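Novice: Pasting data-v6.txt below, which is compact mmCIF, C-alpha atoms.
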# COMPACT_ATOMS: atom_id res chain seq x y z
CA MET A 294 112.75 135.59 303.04
CA GLN A 295 110.10 138.27 303.26
CA THR A 296 112.78 140.85 304.01
CA VAL A 297 114.74 139.77 300.92
CA LEU A 298 111.60 140.00 298.78
CA TRP A 299 110.87 143.45 300.21
CA VAL A 300 114.41 144.62 299.37
CA PHE A 301 114.21 143.43 295.77
CA GLY A 302 110.71 144.85 295.42
CA VAL A 303 112.02 148.25 296.51
CA LEU A 304 114.95 147.95 294.06
CA ALA A 305 112.53 147.05 291.26
CA ALA A 306 110.42 150.12 292.00
CA LEU A 307 113.46 152.34 292.47
CA SER A 308 114.95 151.27 289.13
CA GLN A 309 111.69 152.16 287.40
CA GLY A 310 111.70 155.53 289.14
CA VAL A 311 115.21 156.25 287.87
CA VAL A 312 114.21 155.29 284.32
CA LEU A 313 111.19 157.60 284.53
CA TRP A 314 113.46 160.39 285.77
CA GLN A 315 115.78 159.87 282.80
CA TRP A 316 112.82 159.88 280.42
CA ILE A 317 111.47 163.15 281.81
CA ALA A 318 114.95 164.73 281.59
CA ALA A 319 115.13 163.64 277.96
CA LEU A 320 111.67 164.99 277.15
CA ARG A 321 112.66 168.40 278.50
CA PHE A 322 115.82 168.66 276.39
CA PRO A 323 115.37 170.47 273.03
CA LEU A 324 116.81 167.59 271.02
CA HIS A 325 117.32 168.30 267.30
CA GLU A 326 116.08 171.88 267.68
CA ARG A 327 117.91 174.67 265.82
CA ARG A 328 118.28 178.27 266.81
CA SER A 329 116.20 180.80 264.91
CA PRO A 330 118.04 182.93 262.32
CA GLU A 331 117.58 185.95 264.61
CA THR A 332 119.66 184.30 267.38
CA THR A 333 122.26 182.69 265.12
CA ALA A 334 125.47 184.70 265.05
CA PRO A 335 127.71 184.80 261.97
CA ARG A 336 129.83 181.69 261.91
CA GLN A 337 133.30 182.16 263.31
CA PRO A 338 136.32 180.94 261.32
CA ILE A 339 136.77 177.28 262.23
CA THR A 340 139.49 174.67 261.90
CA VAL A 341 138.24 171.08 261.84
CA LEU A 342 140.70 168.42 263.05
CA LYS A 343 139.94 164.89 261.89
CA PRO A 344 142.30 162.11 263.07
CA LEU A 345 142.00 159.15 260.70
CA LYS A 346 143.09 155.53 260.59
CA GLY A 347 142.01 153.19 257.81
CA ALA A 348 138.86 153.38 255.71
CA ASP A 349 135.67 151.42 255.25
CA ALA A 350 132.55 151.67 253.12
CA PHE A 351 131.19 154.57 255.20
CA THR A 352 134.33 156.69 255.52
CA ARG A 353 133.85 158.79 252.39
CA GLY A 354 130.32 159.82 253.34
CA CYS A 355 131.41 160.73 256.86
CA LEU A 356 134.35 162.84 255.71
CA GLU A 357 132.45 164.47 252.86
CA SER A 358 129.77 165.70 255.29
CA TRP A 359 132.37 168.07 256.77
CA LEU A 360 133.07 169.61 253.36
CA VAL A 361 129.48 170.49 252.44
CA GLN A 362 128.58 172.67 255.41
CA ASP A 363 126.05 175.48 255.07
CA GLY A 364 126.73 179.05 256.11
CA THR A 365 129.49 181.52 255.53
CA GLY A 366 132.87 181.95 257.15
CA PRO A 367 136.23 180.28 256.57
CA VAL A 368 136.51 176.57 257.35
CA GLN A 369 139.84 174.78 257.33
CA VAL A 370 139.76 170.98 257.45
CA LEU A 371 142.84 169.01 258.48
CA PHE A 372 142.87 165.23 258.04
CA GLY A 373 145.60 163.56 260.13
CA VAL A 374 147.12 160.12 259.48
CA GLU A 375 150.02 158.24 261.03
CA SER A 376 151.47 157.05 257.74
CA PRO A 377 151.23 158.10 254.07
CA SER A 378 150.59 154.44 253.26
CA ASP A 379 147.31 154.42 255.20
CA PRO A 380 144.50 153.44 252.77
CA VAL A 381 142.48 156.48 253.85
CA CYS A 382 145.06 158.81 252.25
CA GLY A 383 143.84 157.95 248.76
CA LEU A 384 140.30 158.74 249.81
CA VAL A 385 141.34 162.11 251.27
CA ARG A 386 143.21 163.00 248.07
CA ASP A 387 140.07 162.14 246.07
CA LEU A 388 138.05 164.49 248.29
CA ILE A 389 140.61 167.28 247.87
CA GLU A 390 140.29 166.88 244.12
CA ALA A 391 136.47 166.69 244.28
CA PHE A 392 136.25 169.87 246.39
CA PRO A 393 138.92 172.17 244.91
CA ARG A 394 137.51 175.27 246.61
CA ALA A 395 137.58 173.72 250.07
CA ASP A 396 140.50 174.47 252.41
CA VAL A 397 141.58 170.87 253.03
CA GLU A 398 144.98 169.43 253.93
CA LEU A 399 146.26 165.93 254.56
CA VAL A 400 148.70 165.95 257.50
CA VAL A 401 151.05 163.04 258.15
CA CYS A 402 151.48 162.74 261.92
CA GLY A 403 154.39 160.30 262.04
CA GLU A 404 155.56 161.00 265.58
CA ASN A 405 154.31 159.01 268.55
CA ARG A 406 153.24 161.71 271.01
CA GLY A 407 151.39 159.46 273.45
CA ILE A 408 149.56 156.19 273.97
CA ASN A 409 146.30 157.63 272.63
CA SER A 410 146.93 157.69 268.88
CA LYS A 411 143.95 159.97 268.23
CA VAL A 412 145.32 162.60 270.62
CA SER A 413 148.82 162.10 269.21
CA LYS A 414 147.48 163.18 265.81
CA LEU A 415 145.61 166.12 267.33
CA ILE A 416 148.84 167.34 268.98
CA GLN A 417 150.59 167.34 265.61
CA MET A 418 147.70 168.86 263.65
CA ALA A 419 146.96 171.71 266.08
CA PRO A 420 150.00 173.87 265.10
CA ARG A 421 148.70 173.91 261.50
CA ALA A 422 145.31 175.30 262.55
CA ARG A 423 144.85 178.86 261.28
CA HIS A 424 141.66 179.66 263.20
CA ASP A 425 140.95 180.13 266.88
CA VAL A 426 137.88 177.89 266.99
CA LEU A 427 138.83 174.22 266.85
CA VAL A 428 136.37 171.40 266.21
CA PHE A 429 137.67 167.86 266.43
CA SER A 430 135.78 164.70 265.73
CA ASP A 431 136.14 160.96 265.32
CA ALA A 432 136.60 159.57 261.82
CA ASP A 433 133.28 157.70 261.77
CA VAL A 434 131.14 160.78 262.52
CA LYS A 435 128.74 162.14 259.91
CA VAL A 436 127.29 165.60 260.53
CA PRO A 437 124.27 167.49 259.16
CA PRO A 438 124.90 170.48 256.84
CA ASP A 439 124.28 173.11 259.55
CA PHE A 440 126.49 171.46 262.15
CA LEU A 441 129.35 173.98 262.20
CA THR A 442 126.95 176.93 262.28
CA GLU A 443 125.13 175.53 265.33
CA PHE A 444 128.37 174.66 267.11
CA SER A 445 129.87 178.06 266.41
CA THR A 446 126.78 179.83 267.73
CA CYS A 447 126.81 177.82 270.97
CA LEU A 448 130.51 178.42 271.49
CA GLY A 449 129.97 182.16 271.05
CA ASP A 450 127.62 182.39 274.05
CA PRO A 451 129.14 184.09 277.13
CA GLY A 452 130.79 181.72 279.60
CA VAL A 453 130.80 178.70 277.29
CA GLY A 454 134.18 176.98 277.19
CA LEU A 455 133.39 173.79 275.27
CA VAL A 456 130.56 172.55 273.07
CA ASN A 457 129.69 168.90 272.47
CA CYS A 458 126.64 166.97 271.35
CA PHE A 459 124.84 163.65 271.43
CA TYR A 460 125.40 160.97 268.84
CA GLN A 461 123.50 157.99 267.54
CA LEU A 462 124.74 154.63 266.30
CA SER A 463 123.34 154.58 262.78
CA ASN A 464 124.57 151.24 261.47
CA ARG A 465 122.53 148.55 263.18
CA SER A 466 123.00 145.90 260.52
CA THR A 467 124.04 143.06 262.87
CA LEU A 468 122.50 141.73 266.07
CA PRO A 469 125.46 142.81 268.27
CA MET A 470 125.21 146.34 266.83
CA ARG A 471 121.46 146.46 267.51
CA VAL A 472 122.10 145.43 271.11
CA GLU A 473 124.81 148.07 271.51
CA ALA A 474 122.53 150.67 269.93
CA VAL A 475 120.11 150.24 272.84
CA ALA A 476 122.89 151.33 275.20
CA VAL A 477 123.63 154.47 273.16
CA ASN A 478 120.42 155.44 271.37
CA ALA A 479 118.13 154.86 274.37
CA ASP A 480 120.11 154.91 277.60
CA PHE A 481 123.31 156.90 277.30
CA TRP A 482 121.92 160.28 276.27
CA SER A 483 119.09 160.18 278.81
CA GLN A 484 121.55 159.22 281.56
CA VAL A 485 123.75 162.19 280.63
CA LEU A 486 120.77 164.53 280.92
CA GLN A 487 119.84 163.01 284.28
CA SER A 488 123.40 163.60 285.49
CA ASN A 489 123.23 167.20 284.29
CA GLN A 490 120.19 167.78 286.52
CA LEU A 491 122.28 166.83 289.55
CA LYS A 492 125.27 169.03 288.70
CA PRO A 493 126.62 171.13 285.81
CA MET A 494 128.16 169.05 283.04
CA ASP A 495 131.84 168.42 283.84
CA PHE A 496 132.77 166.05 281.03
CA ALA A 497 132.48 165.99 277.25
CA LEU A 498 131.18 163.51 274.69
CA GLY A 499 133.86 162.82 272.14
CA ALA A 500 132.00 162.31 268.86
CA ALA A 501 132.42 166.04 268.14
CA VAL A 502 133.91 168.74 270.36
CA GLY A 503 134.26 172.49 269.79
CA ILE A 504 136.67 174.62 271.81
CA LYS A 505 138.56 177.88 271.44
CA ARG A 506 142.33 177.71 271.15
CA GLU A 507 142.84 179.83 274.28
CA THR A 508 140.55 177.61 276.35
CA LEU A 509 142.35 174.51 275.11
CA ARG A 510 145.69 176.04 276.08
CA ASN A 511 144.41 176.98 279.56
CA ALA A 512 143.14 173.41 280.00
CA GLY A 513 146.62 172.01 279.33
CA GLY A 514 146.36 171.49 275.59
CA PHE A 515 146.06 168.19 273.80
CA GLU A 516 149.40 167.22 275.33
CA ALA A 517 147.71 166.77 278.73
CA LEU A 518 145.47 164.09 277.20
CA ALA A 519 148.14 162.11 275.34
CA ASP A 520 147.98 159.07 277.64
CA CYS A 521 144.27 159.21 278.50
CA LEU A 522 141.79 156.68 277.19
CA ALA A 523 138.75 158.92 277.78
CA ASP A 524 140.32 162.07 276.32
CA ASP A 525 136.86 163.59 275.78
CA TYR A 526 135.90 163.14 279.43
CA GLN A 527 139.21 164.53 280.65
CA LEU A 528 139.09 167.61 278.42
CA GLY A 529 135.53 168.44 279.46
CA ASN A 530 136.50 168.00 283.10
CA ARG A 531 139.47 170.35 282.72
CA VAL A 532 137.34 173.00 281.03
CA ALA A 533 134.70 172.76 283.78
CA ARG A 534 137.41 173.22 286.40
CA LEU A 535 138.32 176.49 284.69
CA GLY A 536 134.88 177.74 285.66
CA LEU A 537 133.55 177.59 282.09
CA GLU A 538 130.37 175.93 280.89
CA VAL A 539 130.46 172.62 279.04
CA ARG A 540 127.51 173.11 276.68
CA LEU A 541 125.40 170.38 275.12
CA CYS A 542 124.31 171.46 271.65
CA SER A 543 120.88 170.14 270.64
CA ILE A 544 122.19 168.85 267.32
CA VAL A 545 122.73 165.08 266.93
CA VAL A 546 125.46 163.51 264.81
CA GLU A 547 125.73 159.97 263.46
CA CYS A 548 128.44 157.45 264.26
CA ILE A 549 128.57 155.01 261.36
CA GLU A 550 130.77 151.98 262.00
CA PRO A 551 131.31 148.94 259.79
CA PRO A 552 129.38 145.76 260.70
CA SER A 553 130.58 144.32 264.01
CA ALA A 554 130.43 140.88 265.63
CA TRP A 555 129.95 139.96 269.28
CA SER A 556 133.59 139.89 270.34
CA PRO A 557 134.57 143.46 269.36
CA MET A 558 131.24 144.80 270.61
CA LEU A 559 131.70 143.22 274.04
CA ALA A 560 135.32 144.38 274.19
CA HIS A 561 134.17 147.92 273.40
CA GLN A 562 131.45 147.81 276.07
CA LEU A 563 133.89 146.48 278.69
CA ARG A 564 136.47 149.12 277.78
CA TRP A 565 133.82 151.80 278.10
CA ALA A 566 132.62 150.41 281.45
CA ARG A 567 136.08 150.20 282.99
CA THR A 568 136.93 153.69 281.80
CA ILE A 569 133.79 155.15 283.41
CA ARG A 570 134.46 153.16 286.59
CA VAL A 571 137.90 154.72 286.89
CA CYS A 572 136.76 158.25 286.00
CA GLN A 573 133.54 158.31 288.06
CA PRO A 574 133.69 155.42 290.55
CA VAL A 575 130.75 156.35 292.81
CA PRO A 576 128.19 157.18 290.08
CA TYR A 577 129.29 154.10 288.15
CA PHE A 578 128.88 151.83 291.17
CA CYS A 579 125.37 153.21 291.78
CA SER A 580 124.41 152.92 288.10
CA LEU A 581 123.30 149.30 288.55
CA ILE A 582 120.33 150.59 290.55
CA SER A 583 118.82 151.91 287.31
CA ASN A 584 118.76 148.46 285.68
CA ALA A 585 114.99 148.21 285.31
CA THR A 586 115.05 144.64 283.99
CA LEU A 587 117.46 143.02 286.46
CA TRP A 588 115.70 143.93 289.72
CA PRO A 589 112.11 143.13 288.64
CA LEU A 590 113.33 139.83 287.18
CA ILE A 591 115.11 138.80 290.40
CA TRP A 592 112.04 139.86 292.39
CA MET A 593 109.80 137.70 290.20
CA LEU A 594 112.08 134.64 290.38
CA LEU A 595 112.39 134.81 294.17
CA ALA A 596 108.74 135.53 294.95
CA ARG A 597 107.16 132.94 292.64
CA SER A 598 103.90 134.79 293.10
CA ASP A 599 101.34 135.55 290.41
CA THR A 600 100.91 139.07 291.73
CA VAL A 601 104.65 139.77 291.79
CA THR A 602 105.05 138.20 288.33
CA ILE A 603 102.41 140.52 286.90
CA LEU A 604 103.91 143.58 288.60
CA GLY A 605 107.45 142.66 287.55
CA ALA A 606 106.39 142.02 283.96
CA LEU A 607 104.62 145.40 283.84
CA LEU A 608 107.77 147.13 285.11
CA ILE A 609 109.89 145.46 282.42
CA LEU A 610 107.33 146.32 279.73
CA SER A 611 107.30 149.93 280.94
CA ARG A 612 111.09 150.04 280.80
CA SER A 613 111.03 148.67 277.25
CA GLY A 614 108.40 151.16 276.12
CA ILE A 615 110.39 154.10 277.50
CA ALA A 616 113.60 152.85 275.86
CA MET A 617 111.84 152.51 272.50
CA ASN A 618 110.51 156.06 272.82
CA LEU A 619 113.98 157.38 273.65
CA GLN A 620 115.48 155.60 270.64
CA LYS A 621 112.82 157.07 268.39
CA ARG A 622 113.43 160.58 269.74
CA LEU A 623 117.18 160.38 269.18
CA THR A 624 117.22 158.66 265.78
CA ARG A 625 113.89 160.03 264.48
CA GLU A 626 113.24 156.58 263.07
CA PRO A 627 110.46 154.15 263.99
CA VAL A 628 111.42 151.34 266.37
CA ARG A 629 110.02 147.96 265.40
CA LEU A 630 108.14 146.05 268.08
CA ARG A 631 109.86 142.83 267.07
CA HIS A 632 113.11 144.33 268.35
CA ALA A 633 111.66 145.16 271.78
CA TRP A 634 113.22 142.05 273.32
CA LEU A 635 116.66 143.59 272.73
CA ILE A 636 116.04 146.05 275.57
CA PRO A 637 115.74 143.57 278.48
CA ALA A 638 118.48 141.48 276.83
CA ARG A 639 120.77 144.53 276.80
CA ASP A 640 119.92 145.24 280.45
CA LEU A 641 120.99 141.75 281.51
CA MET A 642 124.14 141.96 279.39
CA GLY A 643 124.82 145.37 280.93
CA ALA A 644 124.61 143.88 284.43
CA ALA A 645 127.17 141.23 283.45
CA ILE A 646 129.48 143.89 281.98
CA TRP A 647 129.07 146.01 285.13
CA LEU A 648 130.18 143.05 287.23
CA ALA A 649 133.06 142.20 284.87
CA SER A 650 134.30 145.79 285.00
CA PHE A 651 135.35 145.24 288.63
CA ALA A 652 137.33 142.11 287.76
CA GLY A 653 140.30 144.14 286.52
CA SER A 654 141.48 147.39 284.97
CA ARG A 655 142.78 146.08 281.67
CA VAL A 656 141.18 147.03 278.36
CA THR A 657 141.77 146.03 274.77
CA TRP A 658 141.94 148.92 272.36
CA ARG A 659 142.74 148.46 268.67
CA GLY A 660 144.21 145.05 269.36
CA VAL A 661 146.53 146.23 272.17
CA THR A 662 146.01 145.54 275.88
CA TYR A 663 146.40 148.47 278.29
CA GLN A 664 146.10 149.07 281.99
CA VAL A 665 143.68 151.85 282.97
CA ASN A 666 145.26 153.69 285.90
CA SER A 667 144.07 156.38 288.30
CA GLY A 668 142.77 159.45 286.47
CA GLY A 669 141.96 157.40 283.36
CA LYS A 670 145.56 157.27 282.13
CA LEU A 671 146.80 154.31 280.13
CA SER A 672 149.94 152.23 280.41
CA ARG A 673 151.05 149.17 278.51
CA ALA A 674 149.83 146.01 280.23
Produce structure tokens that represent the structure in this file.

Specialist:
Amino acid sequence: MQTVLWVFGVLAALSQGVVLWQWIAALRFPLHERRSPETTAPRQPITVLKPLKGADAFTRGCLESWLVQDGTGPVQVLFGVESPSDPVCGLVRDLIEAFPRADVELVVCGENRGINSKVSKLIQMAPRARHDVLVFSDADVKVPPDFLTEFSTCLGDPGVGLVNCFYQLSNRSTLPMRVEAVAVNADFWSQVLQSNQLKPMDFALGAAVGIKRETLRNAGGFEALADCLADDYQLGNRVARLGLEVRLCSIVVECIEPPSAWSPMLAHQLRWARTIRVCQPVPYFCSLISNATLWPLIWMLLARSDTVTILGALLILSRSGIAMNLQKRLTREPVRLRHAWLIPARDLMGAAIWLASFAGSRVTWRGVTYQVNSGGKLSRA
């Protein structure tokens, strides 16, 4: 029994060490910082590709943020939909009327060019792009006014093949969304920075991606991603294999989703987990080591010692304090102490999702069940 207690004590300490490492990596990253005017190059002509499907109360604000960008230089915005009867079409037409000087076009992408409907739209929008710098983004992403200028400047640096950025979950109006926000606003971005200390970034984050047309073509084009679930990961990986840098811009965008309940949130988390497991099996398997609530809790329950209980509780409190600090740094909003319990709760839920991710390779995406195959490609289940 003593050996078992020693093992879990080491795991508890190790998990705290990993969390501290992630925190330090996050503190060293220039999050939210902008380049000085002296180092900001004139903005290159840009085409923005926005695949859309449906609309909610936040859609107009998200789309409008792309039409009110600061800086000079041509910007073409293409909104892609599968059908002209999609409710979002009316919203796009209203925006075109509200911004008559903006170069905006609604593109109907009626063909099915792959299992990934987002990529299918990108394939059909790309030939209409007039500029060599392409920026594509999810429909629920809201950007600050200087976003395109910052992205363009990063992409203009020598050796940079792709630019992406961190994102925050802004709508935390329900309990499931607040739990999920811990995973993104505290853990995900610090884990990415930790990974980048071990090796150069060889994947991309899909909230917003900037790439030159030639680089995209050399990476296989959007067509190579048509059946991939994690199209962002795959594109970043292909660019890295070209010997080009995948650059993290310090800017942060917002993902604003409509209120969500437990079932869709858990389905999303499981889909995410199984996708990462397929794409990066070894790092994903080892990721459980960083669960700084699970291991101290098991250690405390097995030991039944006052000393171990105090030490374990301090480790969990330290983990919670670091997570709250990371959330505050990303969102630039105060984190209420009454929500601190969400952090250990999310850790325990994360351990259950980690375990469930090995129980199969099927995921539910937009109401359809798929099989995630080798290389992250999808097939109908």

Novice: What's the separation between atom CA of A:Met418 and atom CA of A:Leu384, in Å to one decimal place?

Specialist: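 Distance between the two atoms: 18.7 Å.
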
Novice: Which of these, A:Ala523, A:Val303, A:Ala554, A:Leu537, has the shortest distance to A:Pro451 once you count only C-alpha atoms?

Specialist: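 Once distances to A:Pro451 are computed over only C-alpha atoms, the minimum belongs to A:Leu537.
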
Novice: Using all atoms listed in the file, which of A:Gly383, A:Val656, A:Glu357, A:Ile408 sits nearest A:Cys521?

Specialist: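 With all atoms listed in the file as the atom set, the closest residue is A:Ile408.
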
Novice: For A:Gly643, find every residue with an atom within 12 Å (counting all atoms listed in the file), except residues of its own chain fewer than 4 positions away, and show them as a list of chain:residue names.

Specialist: A:Val472, A:Glu473, A:Val475, A:Ala476, A:Asp480, A:Leu559, A:Gln562, A:Leu563, A:Trp565, A:Ala566, A:Ser580, A:Leu581, A:Ile582, A:Ser583, A:Asn584, A:Ala585, A:Thr586, A:Leu587, A:Leu635, A:Ile636, A:Pro637, A:Ala638, A:Arg639, A:Trp647, A:Leu648, A:Ala649, A:Ser650

Novice: With distances taken over all atoms listed in the file, which residue among A:Ser466, A:Val385, A:Phe429, A:Met617 lies nearest A:Gly347?

Specialist: A:Val385

Novice: List as a list in words the protein and nucleic acid residues near A:Leu320, meaning an atom at most 12 Å away when all atoms listed in the file are counted, but skip any in the same chain fewer than 6 places from it.

Specialist: Leu313, Trp314, Trp482, Ser483, Leu486, Gln487, Ile615, Asn618, Leu619, Lys621, Arg622 and Leu623 of chain A

Novice: Atom CA of A:Cys355 and atom CA of A:Ile549, how far apart in Å?

Specialist: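 The value is 7.8 Å.
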
Novice: Between atom CA of A:Cys458 and atom CA of A:Cys542, what is the spacing in Å?

Specialist: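 Going from atom CA of A:Cys542 over to atom CA of A:Cys458, I get 5.1 Å.
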
Novice: Could I get the residues of stretch 394-474 of chain A with an atom no further than 10 Å from an atom of stretch 371-376 of chain A, each paired with its nearest atom pair and that distance in Å to one decimal, using all atoms listed in the file, sorted by chain and residue number, as CSV?

Specialist:
residue,atom,partner,partner_atom,distance
A:Asp396,CA,A:Leu371,CA,8.5
A:Val397,CA,A:Leu371,CA,5.9
A:Glu398,CA,A:Leu371,CA,5.0
A:Leu399,CA,A:Phe372,CA,4.9
A:Val400,CA,A:Gly373,CA,4.7
A:Val401,CA,A:Val374,CA,5.1
A:Cys402,CA,A:Glu375,CA,4.8
A:Gly403,CA,A:Glu375,CA,4.9
A:Glu404,CA,A:Glu375,CA,7.7
A:Asn405,CA,A:Glu375,CA,8.7
A:Ser410,CA,A:Glu375,CA,8.5
A:Lys411,CA,A:Gly373,CA,9.0
A:Ser413,CA,A:Glu375,CA,9.1
A:Lys414,CA,A:Gly373,CA,6.0
A:Leu415,CA,A:Gly373,CA,7.6
A:Gln417,CA,A:Gly373,CA,8.3
A:Met418,CA,A:Gly373,CA,6.7
A:Ala419,CA,A:Leu371,CA,9.1
A:Arg421,CA,A:Leu371,CA,8.2
A:Ala422,CA,A:Leu371,CA,7.9
A:Phe429,CA,A:Leu371,CA,9.6
A:Ala432,CA,A:Phe372,CA,9.3

Novice: With C-alpha atoms kept, could you save the residues just selected as a PDB file, keeping the file's coordinate frame?

Specialist:
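Listing of selection27.pdb after writing:
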ATOM      1  CA  ASP A 396     140.500 174.470 252.410  1.00  0.00           C
ATOM      2  CA  VAL A 397     141.580 170.870 253.030  1.00  0.00           C
ATOM      3  CA  GLU A 398     144.980 169.430 253.930  1.00  0.00           C
ATOM      4  CA  LEU A 399     146.260 165.930 254.560  1.00  0.00           C
ATOM      5  CA  VAL A 400     148.700 165.950 257.500  1.00  0.00           C
ATOM      6  CA  VAL A 401     151.050 163.040 258.150  1.00  0.00           C
ATOM      7  CA  CYS A 402     151.480 162.740 261.920  1.00  0.00           C
ATOM      8  CA  GLY A 403     154.390 160.300 262.040  1.00  0.00           C
ATOM      9  CA  GLU A 404     155.560 161.000 265.580  1.00  0.00           C
ATOM     10  CA  ASN A 405     154.310 159.010 268.550  1.00  0.00           C
ATOM     11  CA  SER A 410     146.930 157.690 268.880  1.00  0.00           C
ATOM     12  CA  LYS A 411     143.950 159.970 268.230  1.00  0.00           C
ATOM     13  CA  SER A 413     148.820 162.100 269.210  1.00  0.00           C
ATOM     14  CA  LYS A 414     147.480 163.180 265.810  1.00  0.00           C
ATOM     15  CA  LEU A 415     145.610 166.120 267.330  1.00  0.00           C
ATOM     16  CA  GLN A 417     150.590 167.340 265.610  1.00  0.00           C
ATOM     17  CA  MET A 418     147.700 168.860 263.650  1.00  0.00           C
ATOM     18  CA  ALA A 419     146.960 171.710 266.080  1.00  0.00           C
ATOM     19  CA  ARG A 421     148.700 173.910 261.500  1.00  0.00           C
ATOM     20  CA  ALA A 422     145.310 175.300 262.550  1.00  0.00           C
ATOM     21  CA  PHE A 429     137.670 167.860 266.430  1.00  0.00           C
ATOM     22  CA  ALA A 432     136.600 159.570 261.820  1.00  0.00           C
TER      23      ALA A 432
END

Novice: Each residue of stretch 474-545 of chain A with at least one atom at most 12 Å from stretch 575-578 of chain A should appear once, together with its nearest atom pair and the corresponding distance in Å (one decimal); atoms considered: all atoms listed in the file; ordering: chain, then increasing residue number; output as JSON lines.

Specialist:
{"residue": "A:Gln484", "atom": "CA", "partner": "A:Pro576", "partner_atom": "CA", "distance": 11.0}
{"residue": "A:Val485", "atom": "CA", "partner": "A:Pro576", "partner_atom": "CA", "distance": 11.6}
{"residue": "A:Gln487", "atom": "CA", "partner": "A:Pro576", "partner_atom": "CA", "distance": 11.7}
{"residue": "A:Ser488", "atom": "CA", "partner": "A:Pro576", "partner_atom": "CA", "distance": 9.2}
{"residue": "A:Leu491", "atom": "CA", "partner": "A:Pro576", "partner_atom": "CA", "distance": 11.3}

Novice: Ranking A:Gln362, A:Asn409, A:Gln573, A:Ser378 by minimum distance to A:Tyr526 and counting only C-alpha atoms, which one comes first?

Specialist: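 So, comparing all the options, the nearest one is A:Gln573.
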
Novice: Take every atom of stretch 313-323 of chain A listed in the file, pad by 3 Å on each side, and give me the axis-aligned box centre and edge lengths in Å, one decimal, as AutoDock Vina command-line options.

Specialist:
--center_x 113.5 --center_y 164.0 --center_z 279.4 --size_x 10.6 --size_y 18.9 --size_z 18.7

Novice: Compile the contact shell of A:Arg471 as a PyMOL selection string: residues with an atom at most 12 Å away, counting only C-alpha atoms, same-chain residues fewer than 5 positions apart removed.

Specialist: chain A and resi 461-466+476-479+552-555+558+620+628-629+632-636+638-639

Novice: Can you work out which one of A:Thr624, A:Thr442, A:Gln309, A:Thr340 has the shortest atom-to-atom distance to A:Pro589, counting only C-alpha atoms?

Specialist: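 Smallest distance to A:Pro589 is found for A:Gln309.
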
Novice: What lies within 8 Å of A:Glu443 using all atoms listed in the file, ignoring chain neighbours under 4 positions off, as a ChimeraX atom specification?

Specialist: /A:327-328,333,439,447,542,544

Novice: Would you mind putting N, CA and C atoms back on stretch 647-659 of chain A and writing the result as a PDB file, keeping the file's coordinate frame?

Specialist:
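rebuild.pdb written:
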ATOM      1  N   TRP A 647     128.831 145.244 283.902  1.00  0.00           N
ATOM      2  CA  TRP A 647     129.070 146.010 285.130  1.00  0.00           C
ATOM      3  C   TRP A 647     129.873 145.174 286.121  1.00  0.00           C
ATOM      4  N   LEU A 648     129.474 143.928 286.301  1.00  0.00           N
ATOM      5  CA  LEU A 648     130.180 143.050 287.230  1.00  0.00           C
ATOM      6  C   LEU A 648     131.600 142.766 286.740  1.00  0.00           C
ATOM      7  N   ALA A 649     131.743 142.503 285.435  1.00  0.00           N
ATOM      8  CA  ALA A 649     133.060 142.200 284.870  1.00  0.00           C
ATOM      9  C   ALA A 649     134.001 143.391 284.945  1.00  0.00           C
ATOM     10  N   SER A 650     133.449 144.592 284.959  1.00  0.00           N
ATOM     11  CA  SER A 650     134.300 145.790 285.000  1.00  0.00           C
ATOM     12  C   SER A 650     135.100 145.884 286.295  1.00  0.00           C
ATOM     13  N   PHE A 651     134.637 145.213 287.348  1.00  0.00           N
ATOM     14  CA  PHE A 651     135.350 145.240 288.630  1.00  0.00           C
ATOM     15  C   PHE A 651     136.373 144.120 288.735  1.00  0.00           C
ATOM     16  N   ALA A 652     136.416 143.261 287.717  1.00  0.00           N
ATOM     17  CA  ALA A 652     137.330 142.110 287.760  1.00  0.00           C
ATOM     18  C   ALA A 652     138.740 142.484 287.308  1.00  0.00           C
ATOM     19  N   GLY A 653     138.979 143.713 286.957  1.00  0.00           N
ATOM     20  CA  GLY A 653     140.300 144.140 286.520  1.00  0.00           C
ATOM     21  C   GLY A 653     140.240 145.533 285.941  1.00  0.00           C
ATOM     22  N   SER A 654     141.395 146.048 285.551  1.00  0.00           N
ATOM     23  CA  SER A 654     141.480 147.390 284.970  1.00  0.00           C
ATOM     24  C   SER A 654     142.152 147.356 283.614  1.00  0.00           C
ATOM     25  N   ARG A 655     142.172 146.191 282.994  1.00  0.00           N
ATOM     26  CA  ARG A 655     142.780 146.080 281.670  1.00  0.00           C
ATOM     27  C   ARG A 655     141.709 146.212 280.592  1.00  0.00           C
ATOM     28  N   VAL A 656     142.079 146.871 279.493  1.00  0.00           N
ATOM     29  CA  VAL A 656     141.180 147.030 278.360  1.00  0.00           C
ATOM     30  C   VAL A 656     141.939 146.711 277.081  1.00  0.00           C
ATOM     31  N   THR A 657     141.190 146.266 276.083  1.00  0.00           N
ATOM     32  CA  THR A 657     141.770 146.030 274.770  1.00  0.00           C
ATOM     33  C   THR A 657     141.293 147.119 273.834  1.00  0.00           C
ATOM     34  N   TRP A 658     142.265 147.794 273.227  1.00  0.00           N
ATOM     35  CA  TRP A 658     141.940 148.920 272.360  1.00  0.00           C
ATOM     36  C   TRP A 658     142.784 148.802 271.098  1.00  0.00           C
ATOM     37  N   ARG A 659     142.075 148.624 269.963  1.00  0.00           N
ATOM     38  CA  ARG A 659     142.740 148.460 268.670  1.00  0.00           C
ATOM     39  C   ARG A 659     143.765 147.334 268.698  1.00  0.00           C
TER      40      ARG A 659
END
